[in-house]
>>> print(open('start_7.cif').read())   # mmCIF, C-alpha atoms and all ligand atoms
data_work
loop_
_atom_site.label_atom_id
_atom_site.label_comp_id
_atom_site.auth_asym_id
_atom_site.auth_seq_id
_atom_site.Cartn_x
_atom_site.Cartn_y
_atom_site.Cartn_z
CA MET A 1 -144.69 -74.78 -117.36
CA GLY A 2 -140.97 -75.42 -117.96
CA ALA A 3 -138.18 -76.06 -115.48
CA GLU A 4 -136.48 -72.82 -116.34
CA PRO A 5 -134.19 -71.69 -113.52
CA ALA A 6 -136.13 -68.76 -112.15
CA ILE A 7 -138.14 -67.73 -109.15
CA GLU A 8 -141.34 -66.17 -110.37
CA LEU A 9 -143.58 -64.18 -108.10
CA GLN A 10 -147.02 -63.39 -109.41
CA ALA A 11 -148.31 -60.22 -107.77
CA LEU A 12 -148.08 -61.33 -104.15
CA ARG A 13 -150.11 -60.30 -101.14
CA VAL A 14 -149.76 -61.54 -97.61
CA GLU A 15 -152.24 -60.58 -94.93
CA ALA A 16 -152.37 -61.66 -91.30
CA HIS A 17 -154.89 -60.65 -88.65
CA GLY A 18 -156.45 -58.15 -91.04
CA GLN A 19 -153.10 -56.44 -91.60
CA GLN A 20 -151.35 -56.31 -94.97
CA LEU A 21 -147.75 -57.51 -94.54
CA LEU A 22 -146.71 -57.74 -98.17
CA ASP A 23 -147.93 -56.34 -101.49
CA ILE A 24 -145.31 -57.06 -104.13
CA PRO A 25 -145.71 -56.79 -107.92
CA ALA A 26 -144.85 -59.61 -110.31
CA LEU A 27 -141.12 -60.33 -110.26
CA ARG A 28 -138.91 -62.76 -112.09
CA LEU A 29 -135.71 -63.56 -110.25
CA THR A 30 -133.02 -65.25 -112.31
CA GLU A 31 -129.80 -63.73 -111.00
CA GLN A 32 -127.17 -65.66 -109.03
CA ARG A 33 -126.92 -63.14 -106.19
CA ILE A 34 -130.02 -61.28 -105.07
CA GLY A 35 -130.21 -59.09 -101.96
CA LEU A 36 -133.23 -57.92 -100.03
CA ILE A 37 -132.94 -54.82 -97.86
CA GLY A 38 -135.29 -52.62 -95.89
CA ALA A 39 -136.00 -51.42 -92.37
CA ASN A 40 -137.00 -53.70 -89.49
CA GLY A 41 -140.50 -54.98 -90.09
CA SER A 42 -140.54 -54.01 -93.77
CA GLY A 43 -141.43 -57.55 -94.86
CA LYS A 44 -138.10 -59.12 -95.85
CA SER A 45 -138.52 -62.34 -93.84
CA THR A 46 -142.14 -62.64 -94.92
CA LEU A 47 -141.10 -62.42 -98.58
CA LEU A 48 -138.30 -64.98 -98.11
CA ARG A 49 -140.71 -67.32 -96.35
CA CYS A 50 -143.03 -67.23 -99.36
CA LEU A 51 -140.22 -68.71 -101.46
CA ASN A 52 -140.35 -72.13 -99.83
CA GLY A 53 -143.88 -72.28 -98.48
CA LEU A 54 -143.22 -71.25 -94.88
CA VAL A 55 -145.71 -68.46 -95.54
CA THR A 56 -148.61 -68.96 -97.93
CA PRO A 57 -149.63 -65.79 -99.76
CA THR A 58 -153.18 -64.56 -99.39
CA ALA A 59 -153.12 -63.76 -103.10
CA GLY A 60 -150.65 -64.51 -105.86
CA ARG A 61 -148.38 -67.43 -106.45
CA VAL A 62 -144.68 -68.28 -106.30
CA ARG A 63 -143.01 -70.65 -108.74
CA VAL A 64 -139.51 -71.97 -108.24
CA ASP A 65 -137.98 -73.35 -111.41
CA GLY A 66 -141.48 -73.97 -112.70
CA LEU A 67 -142.74 -75.63 -109.48
CA ASP A 68 -145.70 -74.06 -107.72
CA VAL A 69 -144.56 -73.58 -104.11
CA ALA A 70 -148.08 -74.12 -102.69
CA ARG A 71 -148.62 -77.39 -104.56
CA ALA A 72 -145.15 -78.90 -104.76
CA THR A 73 -143.93 -77.70 -101.37
CA ARG A 74 -141.79 -80.76 -100.61
CA ARG A 75 -140.03 -80.67 -103.97
CA VAL A 76 -139.50 -76.93 -103.66
CA ARG A 77 -138.01 -77.36 -100.18
CA ARG A 78 -135.48 -79.86 -101.52
CA ARG A 79 -134.46 -77.26 -104.04
CA VAL A 80 -134.55 -74.21 -101.79
CA GLY A 81 -132.39 -74.38 -98.67
CA PHE A 82 -133.60 -71.90 -96.05
CA VAL A 83 -131.27 -70.65 -93.33
CA PHE A 84 -133.14 -68.87 -90.57
CA GLN A 85 -132.13 -65.60 -88.98
CA ASP A 86 -131.94 -67.28 -85.60
CA ALA A 87 -129.63 -70.32 -85.75
CA ASP A 88 -131.02 -71.49 -82.40
CA ALA A 89 -134.43 -71.88 -84.04
CA GLN A 90 -132.87 -74.05 -86.74
CA ILE A 91 -130.63 -76.28 -84.63
CA LEU A 92 -132.74 -79.09 -83.19
CA MET A 93 -130.36 -81.88 -82.19
CA PRO A 94 -128.02 -82.13 -79.18
CA THR A 95 -124.74 -82.60 -81.04
CA VAL A 96 -123.17 -81.18 -84.20
CA GLY A 97 -122.99 -84.66 -85.76
CA GLU A 98 -126.63 -85.46 -85.03
CA GLU A 99 -127.70 -82.08 -86.35
CA MET A 100 -125.80 -82.69 -89.60
CA ASP A 101 -127.30 -86.16 -89.90
CA LEU A 102 -130.90 -85.05 -89.47
CA GLY A 103 -131.45 -83.49 -92.88
CA LEU A 104 -129.24 -86.00 -94.69
CA LYS A 105 -131.26 -88.89 -93.25
CA ALA A 106 -134.42 -87.22 -94.49
CA LEU A 107 -132.90 -87.34 -97.99
CA GLY A 108 -132.71 -91.12 -97.62
CA LEU A 109 -128.92 -91.31 -97.90
CA ALA A 110 -126.98 -94.34 -96.60
CA PRO A 111 -124.87 -93.86 -93.43
CA GLU A 112 -121.49 -93.71 -95.21
CA ALA A 113 -122.73 -91.15 -97.75
CA ARG A 114 -124.19 -89.09 -94.90
CA ARG A 115 -120.93 -89.21 -92.98
CA GLN A 116 -118.93 -88.11 -96.02
CA ARG A 117 -121.25 -85.25 -96.88
CA ALA A 118 -121.39 -84.09 -93.26
CA GLU A 119 -117.60 -84.15 -92.87
CA ALA A 120 -117.07 -82.25 -96.13
CA ALA A 121 -119.64 -79.57 -95.21
CA LEU A 122 -118.27 -79.18 -91.67
CA ALA A 123 -114.73 -78.78 -93.05
CA GLN A 124 -115.97 -76.24 -95.62
CA PHE A 125 -117.38 -74.14 -92.79
CA GLY A 126 -114.47 -74.41 -90.39
CA LEU A 127 -116.15 -76.96 -88.11
CA ALA A 128 -114.05 -80.06 -88.90
CA GLY A 129 -113.73 -82.54 -86.04
CA MET A 130 -116.62 -81.02 -84.07
CA THR A 131 -119.25 -83.74 -84.57
CA ALA A 132 -119.29 -84.73 -80.87
CA ARG A 133 -119.64 -81.13 -79.63
CA SER A 134 -122.88 -79.86 -78.14
CA ALA A 135 -124.61 -77.89 -80.89
CA HIS A 136 -126.25 -75.55 -78.39
CA LEU A 137 -122.98 -74.63 -76.69
CA LEU A 138 -121.34 -73.42 -79.89
CA SER A 139 -120.62 -69.72 -80.25
CA GLY A 140 -123.04 -67.58 -82.26
CA GLY A 141 -120.72 -67.62 -85.27
CA GLU A 142 -120.22 -71.39 -85.07
CA LYS A 143 -123.99 -71.94 -84.84
CA ARG A 144 -124.50 -69.84 -87.97
CA ARG A 145 -121.88 -71.85 -89.80
CA LEU A 146 -123.38 -75.13 -88.56
CA ALA A 147 -126.85 -74.09 -89.77
CA LEU A 148 -125.36 -73.25 -93.17
CA ALA A 149 -123.32 -76.46 -93.32
CA CYS A 150 -126.44 -78.53 -92.58
CA ILE A 151 -128.40 -76.91 -95.36
CA LEU A 152 -125.58 -76.97 -97.89
CA ALA A 153 -124.83 -80.65 -97.21
CA MET A 154 -128.31 -81.30 -98.59
CA ARG A 155 -127.15 -79.70 -101.86
CA PRO A 156 -129.96 -77.28 -102.56
CA GLU A 157 -129.91 -75.37 -105.83
CA ILE A 158 -131.01 -72.14 -104.22
CA LEU A 159 -129.97 -70.84 -100.83
CA VAL A 160 -132.23 -68.41 -99.00
CA LEU A 161 -130.50 -66.65 -96.12
CA ASP A 162 -132.27 -64.47 -93.61
CA GLU A 163 -129.76 -61.99 -92.18
CA PRO A 164 -126.79 -64.37 -92.21
CA THR A 165 -124.35 -61.91 -90.61
CA SER A 166 -126.58 -60.34 -87.95
CA MET A 167 -125.20 -60.61 -84.40
CA LEU A 168 -121.77 -61.63 -85.69
CA ASP A 169 -118.66 -59.66 -84.74
CA LEU A 170 -116.61 -58.05 -87.50
CA PRO A 171 -114.31 -61.05 -88.05
CA GLY A 172 -117.37 -63.32 -88.04
CA GLN A 173 -119.14 -61.16 -90.61
CA ARG A 174 -116.09 -61.11 -92.86
CA ARG A 175 -115.60 -64.84 -92.51
CA LEU A 176 -119.20 -65.54 -93.44
CA ARG A 177 -118.97 -63.25 -96.47
CA ARG A 178 -115.86 -65.14 -97.61
CA LEU A 179 -117.67 -68.48 -97.16
CA LEU A 180 -120.72 -67.37 -99.13
CA GLU A 181 -118.83 -65.80 -102.01
CA PRO A 182 -117.63 -68.97 -103.79
CA LEU A 183 -120.87 -70.95 -103.41
CA SER A 184 -122.25 -72.16 -106.71
CA GLN A 185 -125.85 -71.94 -105.49
CA ARG A 186 -128.15 -69.07 -106.33
CA LEU A 187 -128.33 -66.91 -103.21
CA ILE A 188 -131.24 -64.79 -102.03
CA VAL A 189 -130.21 -62.89 -98.95
CA ALA A 190 -132.10 -60.52 -96.65
CA THR A 191 -129.63 -58.35 -94.79
CA HIS A 192 -128.89 -55.13 -92.95
CA ASP A 193 -125.21 -55.70 -93.74
CA LEU A 194 -124.89 -53.53 -96.84
CA GLU A 195 -121.27 -54.62 -97.43
CA LEU A 196 -122.52 -58.13 -98.00
CA LEU A 197 -124.22 -56.88 -101.16
CA GLU A 198 -120.92 -56.10 -102.87
CA GLY A 199 -120.78 -58.03 -106.13
CA PHE A 200 -124.49 -58.90 -106.01
CA ASP A 201 -126.43 -58.79 -109.27
CA ARG A 202 -129.70 -57.35 -108.04
CA VAL A 203 -131.08 -55.84 -104.85
CA LEU A 204 -134.73 -55.39 -103.90
CA VAL A 205 -135.63 -52.68 -101.40
CA VAL A 206 -138.83 -53.28 -99.46
CA ASP A 207 -140.63 -50.67 -97.43
CA GLY A 208 -143.87 -51.23 -95.54
CA GLY A 209 -144.38 -54.51 -97.39
CA ARG A 210 -144.04 -52.88 -100.81
CA LEU A 211 -141.27 -52.94 -103.37
CA HIS A 212 -139.54 -49.58 -103.20
CA ALA A 213 -136.62 -50.25 -105.59
CA ASP A 214 -135.25 -53.05 -107.72
CA ALA A 215 -131.80 -52.28 -109.05
CA PRO A 216 -128.10 -53.16 -108.94
CA PRO A 217 -126.63 -52.83 -105.42
CA GLY A 218 -125.26 -49.26 -105.67
CA THR A 219 -128.51 -47.81 -106.98
CA ALA A 220 -130.65 -49.85 -104.60
CA VAL A 221 -128.61 -48.85 -101.53
CA ASP A 222 -128.83 -45.17 -102.61
CA ALA A 223 -132.62 -45.53 -102.91
CA TYR A 224 -132.76 -47.07 -99.43
CA LEU A 225 -130.60 -44.29 -97.96
CA ALA A 226 -132.75 -41.63 -99.63
CA LEU A 227 -135.85 -43.26 -98.17
CA VAL A 228 -134.36 -43.32 -94.67
CA GLU A 229 -133.23 -39.70 -94.96
CA ALA A 230 -136.64 -38.57 -96.22
CA ARG A 231 -138.26 -40.30 -93.21
CA GLU A 232 -135.81 -38.65 -90.83
CA ALA A 233 -136.45 -35.23 -92.39
CA ALA A 234 -140.21 -35.73 -92.12
CA GLU A 235 -139.85 -36.76 -88.46
CA ALA A 236 -137.66 -33.76 -87.71
CA ALA A 237 -140.20 -31.43 -89.35
CA ALA A 238 -143.18 -32.91 -87.50
N1 LIG A 301 -147.59 -64.34 -88.85
C1 LIG A 301 -147.64 -63.01 -88.66
N2 LIG A 301 -148.76 -62.44 -88.14
C2 LIG A 301 -148.86 -61.13 -87.96
N3 LIG A 301 -147.89 -60.26 -88.26
C3 LIG A 301 -146.77 -60.75 -88.78
C4 LIG A 301 -146.57 -62.15 -89.00
N4 LIG A 301 -145.35 -62.34 -89.52
C5 LIG A 301 -144.78 -61.10 -89.61
N5 LIG A 301 -145.63 -60.18 -89.17
C6 LIG A 301 -145.41 -58.70 -89.19
O1 LIG A 301 -145.09 -58.37 -90.52
C7 LIG A 301 -144.17 -57.31 -90.58
C8 LIG A 301 -142.98 -57.72 -91.41
O2 LIG A 301 -142.22 -58.67 -90.68
P1 LIG A 301 -140.90 -59.32 -91.28
O3 LIG A 301 -140.37 -60.25 -90.24
O4 LIG A 301 -141.19 -59.86 -92.62
O5 LIG A 301 -139.94 -58.05 -91.40
P2 LIG A 301 -138.39 -57.95 -91.70
O6 LIG A 301 -138.24 -56.95 -92.79
O7 LIG A 301 -137.83 -59.31 -91.94
O8 LIG A 301 -137.85 -57.35 -90.33
P3 LIG A 301 -136.43 -57.48 -89.57
O9 LIG A 301 -135.44 -56.69 -90.36
O10 LIG A 301 -136.72 -56.86 -88.25
O11 LIG A 301 -136.11 -58.95 -89.48
C9 LIG A 301 -143.85 -56.98 -89.13
O12 LIG A 301 -144.64 -55.88 -88.74
C10 LIG A 301 -144.25 -58.24 -88.37
O13 LIG A 301 -144.64 -57.94 -87.06
#
>>> encode(input="start_7.cif", output="structure tokens", more="lines below")
Ligand SMILES: Nc1ncnc2c1ncn2[C@@H]1O[C@H](COP(=O)(O)OP(=O)(O)OP(=O)(O)O)[C@@H](O)[C@H]1O
Amino acid sequence: MGAEPAIELQALRVEAHGQQLLDIPALRLTEQRIGLIGANGSGKSTLLRCLNGLVTPTAGRVRVDGLDVARATRRVRRRVGFVFQDADAQILMPTVGEEMDLGLKALGLAPEARRQRAEAALAQFGLAGMTARSAHLLSGGEKRRLALACILAMRPEILVLDEPTSMLDLPGQRRLRRLLEPLSQRLIVATHDLELLEGFDRVLVVDGGRLHADAPPGTAVDAYLALVEAREAAEAAA
């Protein structure tokens, strides 16, 4: 078992309450920019959650850079930063500064190092000088950027983003895309924002918990569109 930079999924099944949520074949993910698309309820969040142990598969195994997610969950979570779809679910502390400090404290960093990292990450995400602000009174876009800044300040090697641009207005979506683009981390992003996939290396299409396509963005988006159109045609004919 080497520390090769890859996320490896052994054939993965997730079941809950007798229902199959995910049934994905073995996959090896090594690319820098990987997208995950599919209809509401197709299993995108469930798959992302398997990557850092938030969901434990019923069968199969996930390895991140050689680490078994189920056994080395803490080490995997240091490596894999997870940004939730709902920033409100991620933001726990009353102020921006306290929120930034929470994860950095957990890393065992000294106060001055925490302050420096927090300030740098806030500036990177357009939130400089906002440490005293109430985290819960930020706008939706600011909350998203705060959630990202918190995770990135912890310097993960892989960033998992669940619908990072949902609920953002057009300028907010564009701003977030521009912020994500230069990041050196490997990104794995579930999204309905197909423009976000521009320049991605690989896109997985999930449908009903199964892998429908695995291709570069253009081909994958075409496969997704064809799937949607086939469903619509079947519905119209019924
Ligand atoms: N813990 C759970 N118990 C039972 N069902 C679950 C659980 N978690 C998710 N599901 C169901 O699994 C399916 C896939 O959900 P998931 O959130 O992964 O979809 P998604 O593709 O991320 O959807 P969306 O685009 O709406 O965010 C849904 O039908 C959901 O209701």
>>> residues_around(input="start_7.cif", residues="Glu195 (chain A)", least_positions_apart="3", cutoff="12 Å", atoms="all atoms listed in the file", output="PDB file with C-alpha atoms, keeping the file's coordinate frame")
ATOM      1  CA  GLY A  35    -130.210 -59.090-101.960  1.00  0.00           C
ATOM      2  CA  ILE A  37    -132.940 -54.820 -97.860  1.00  0.00           C
ATOM      3  CA  THR A 165    -124.350 -61.910 -90.610  1.00  0.00           C
ATOM      4  CA  LEU A 170    -116.610 -58.050 -87.500  1.00  0.00           C
ATOM      5  CA  GLN A 173    -119.140 -61.160 -90.610  1.00  0.00           C
ATOM      6  CA  ARG A 174    -116.090 -61.110 -92.860  1.00  0.00           C
ATOM      7  CA  LEU A 176    -119.200 -65.540 -93.440  1.00  0.00           C
ATOM      8  CA  ARG A 177    -118.970 -63.250 -96.470  1.00  0.00           C
ATOM      9  CA  ARG A 178    -115.860 -65.140 -97.610  1.00  0.00           C
ATOM     10  CA  THR A 191    -129.630 -58.350 -94.790  1.00  0.00           C
ATOM     11  CA  HIS A 192    -128.890 -55.130 -92.950  1.00  0.00           C
ATOM     12  CA  GLU A 198    -120.920 -56.100-102.870  1.00  0.00           C
ATOM     13  CA  GLY A 199    -120.780 -58.030-106.130  1.00  0.00           C
ATOM     14  CA  PHE A 200    -124.490 -58.900-106.010  1.00  0.00           C
ATOM     15  CA  PRO A 217    -126.630 -52.830-105.420  1.00  0.00           C
ATOM     16  CA  GLY A 218    -125.260 -49.260-105.670  1.00  0.00           C
ATOM     17  CA  VAL A 221    -128.610 -48.850-101.530  1.00  0.00           C
TER      18      VAL A 221
END
>>> residues_near_point(input="start_7.cif", point="(-124.0, -78.1, -84.6)", cutoff="8 Å", atoms="all atoms listed in the file", output="MDAnalysis selection string")
chainID A and resid 91 93:100 130:131 133:136 138 142:143 146:147
>>> residues_near_ligand(input="start_7.cif", ligand="ligand LIG 301 (chain A)", cutoff="6 Å", atoms="only C-alpha atoms and all ligand atoms", output="number ranges by chain")
A: 16, 21, 39-46
>>> write_last_selection(input="start_7.cif", atoms="C-alpha atoms", output="tab-separated table (two decimals), in the frame of the given file")
chain	number	residue	atom	x	y	z
A	16	ALA	CA	-152.37	-61.66	-91.30
A	21	LEU	CA	-147.75	-57.51	-94.54
A	39	ALA	CA	-136.00	-51.42	-92.37
A	40	ASN	CA	-137.00	-53.70	-89.49
A	41	GLY	CA	-140.50	-54.98	-90.09
A	42	SER	CA	-140.54	-54.01	-93.77
A	43	GLY	CA	-141.43	-57.55	-94.86
A	44	LYS	CA	-138.10	-59.12	-95.85
A	45	SER	CA	-138.52	-62.34	-93.84
A	46	THR	CA	-142.14	-62.64	-94.92
>>> axis_aligned_box(input="start_7.cif", around="region 96-104 of chain A", padding_each_side="4 Å", output="lines of an AutoDock Vina configuration file")
center_x = -127.2
center_y = -83.7
center_z = -89.4
size_x = 16.5
size_y = 13.0
size_z = 18.5
>>> build_atoms(input="start_7.cif", residues="region 43-72 of chain A", atoms="N, CA and C atoms", output="short mmCIF file (atom, residue, chain, number, x, y, z; two decimals), in the frame of the given file")
data_model
loop_
_atom_site.label_atom_id
_atom_site.label_comp_id
_atom_site.auth_asym_id
_atom_site.auth_seq_id
_atom_site.Cartn_x
_atom_site.Cartn_y
_atom_site.Cartn_z
N GLY A 43 -140.84 -56.41 -94.15
CA GLY A 43 -141.43 -57.55 -94.86
C GLY A 43 -140.42 -58.49 -95.50
N LYS A 44 -139.14 -58.32 -95.20
CA LYS A 44 -138.10 -59.12 -95.85
C LYS A 44 -138.27 -60.62 -95.52
N SER A 45 -138.40 -60.92 -94.23
CA SER A 45 -138.52 -62.34 -93.84
C SER A 45 -139.80 -62.93 -94.41
N THR A 46 -140.86 -62.15 -94.39
CA THR A 46 -142.14 -62.64 -94.92
C THR A 46 -141.99 -63.00 -96.40
N LEU A 47 -141.31 -62.14 -97.15
CA LEU A 47 -141.10 -62.42 -98.58
C LEU A 47 -140.25 -63.68 -98.75
N LEU A 48 -139.16 -63.78 -97.99
CA LEU A 48 -138.30 -64.98 -98.11
C LEU A 48 -139.10 -66.24 -97.79
N ARG A 49 -139.95 -66.14 -96.78
CA ARG A 49 -140.71 -67.32 -96.35
C ARG A 49 -141.72 -67.78 -97.41
N CYS A 50 -142.13 -66.84 -98.26
CA CYS A 50 -143.03 -67.23 -99.36
C CYS A 50 -142.30 -68.11 -100.38
N LEU A 51 -140.98 -68.02 -100.41
CA LEU A 51 -140.22 -68.71 -101.46
C LEU A 51 -140.16 -70.22 -101.25
N ASN A 52 -140.35 -70.67 -100.01
CA ASN A 52 -140.35 -72.13 -99.83
C ASN A 52 -141.56 -72.61 -99.03
N GLY A 53 -142.62 -71.81 -99.04
CA GLY A 53 -143.88 -72.28 -98.48
C GLY A 53 -144.00 -72.16 -96.97
N LEU A 54 -143.08 -71.47 -96.32
CA LEU A 54 -143.22 -71.25 -94.88
C LEU A 54 -144.34 -70.25 -94.61
N VAL A 55 -144.56 -69.36 -95.58
CA VAL A 55 -145.71 -68.46 -95.54
C VAL A 55 -146.48 -68.67 -96.84
N THR A 56 -147.78 -68.82 -96.73
CA THR A 56 -148.61 -68.96 -97.93
C THR A 56 -149.26 -67.62 -98.24
N PRO A 57 -149.04 -67.09 -99.44
CA PRO A 57 -149.63 -65.79 -99.76
C PRO A 57 -151.15 -65.83 -99.74
N THR A 58 -151.73 -64.71 -99.36
CA THR A 58 -153.18 -64.56 -99.39
C THR A 58 -153.64 -64.47 -100.84
N ALA A 59 -152.84 -63.84 -101.67
CA ALA A 59 -153.12 -63.76 -103.10
C ALA A 59 -151.80 -63.82 -103.84
N GLY A 60 -151.87 -64.39 -105.06
CA GLY A 60 -150.65 -64.51 -105.86
C GLY A 60 -150.03 -65.88 -105.68
N ARG A 61 -148.95 -66.09 -106.40
CA ARG A 61 -148.38 -67.43 -106.45
C ARG A 61 -146.87 -67.30 -106.63
N VAL A 62 -146.14 -68.26 -106.09
CA VAL A 62 -144.68 -68.28 -106.30
C VAL A 62 -144.33 -69.58 -107.02
N ARG A 63 -143.52 -69.46 -108.04
CA ARG A 63 -143.01 -70.65 -108.74
C ARG A 63 -141.50 -70.66 -108.63
N VAL A 64 -140.97 -71.80 -108.29
CA VAL A 64 -139.51 -71.97 -108.24
C VAL A 64 -139.13 -72.96 -109.32
N ASP A 65 -138.38 -72.50 -110.28
CA ASP A 65 -137.98 -73.35 -111.41
C ASP A 65 -139.18 -74.11 -111.97
N GLY A 66 -140.27 -73.39 -112.11
CA GLY A 66 -141.48 -73.97 -112.70
C GLY A 66 -142.38 -74.68 -111.71
N LEU A 67 -141.92 -74.91 -110.48
CA LEU A 67 -142.74 -75.63 -109.48
C LEU A 67 -143.54 -74.64 -108.65
N ASP A 68 -144.83 -74.91 -108.53
CA ASP A 68 -145.70 -74.06 -107.72
C ASP A 68 -145.42 -74.37 -106.24
N VAL A 69 -144.98 -73.36 -105.51
CA VAL A 69 -144.56 -73.58 -104.11
C VAL A 69 -145.70 -74.15 -103.27
N ALA A 70 -146.94 -73.68 -103.50
CA ALA A 70 -148.08 -74.12 -102.69
C ALA A 70 -148.45 -75.58 -102.98
N ARG A 71 -148.21 -76.03 -104.20
CA ARG A 71 -148.62 -77.39 -104.56
C ARG A 71 -147.50 -78.40 -104.42
N ALA A 72 -146.29 -77.97 -104.76
CA ALA A 72 -145.15 -78.90 -104.76
C ALA A 72 -144.19 -78.51 -103.65
#
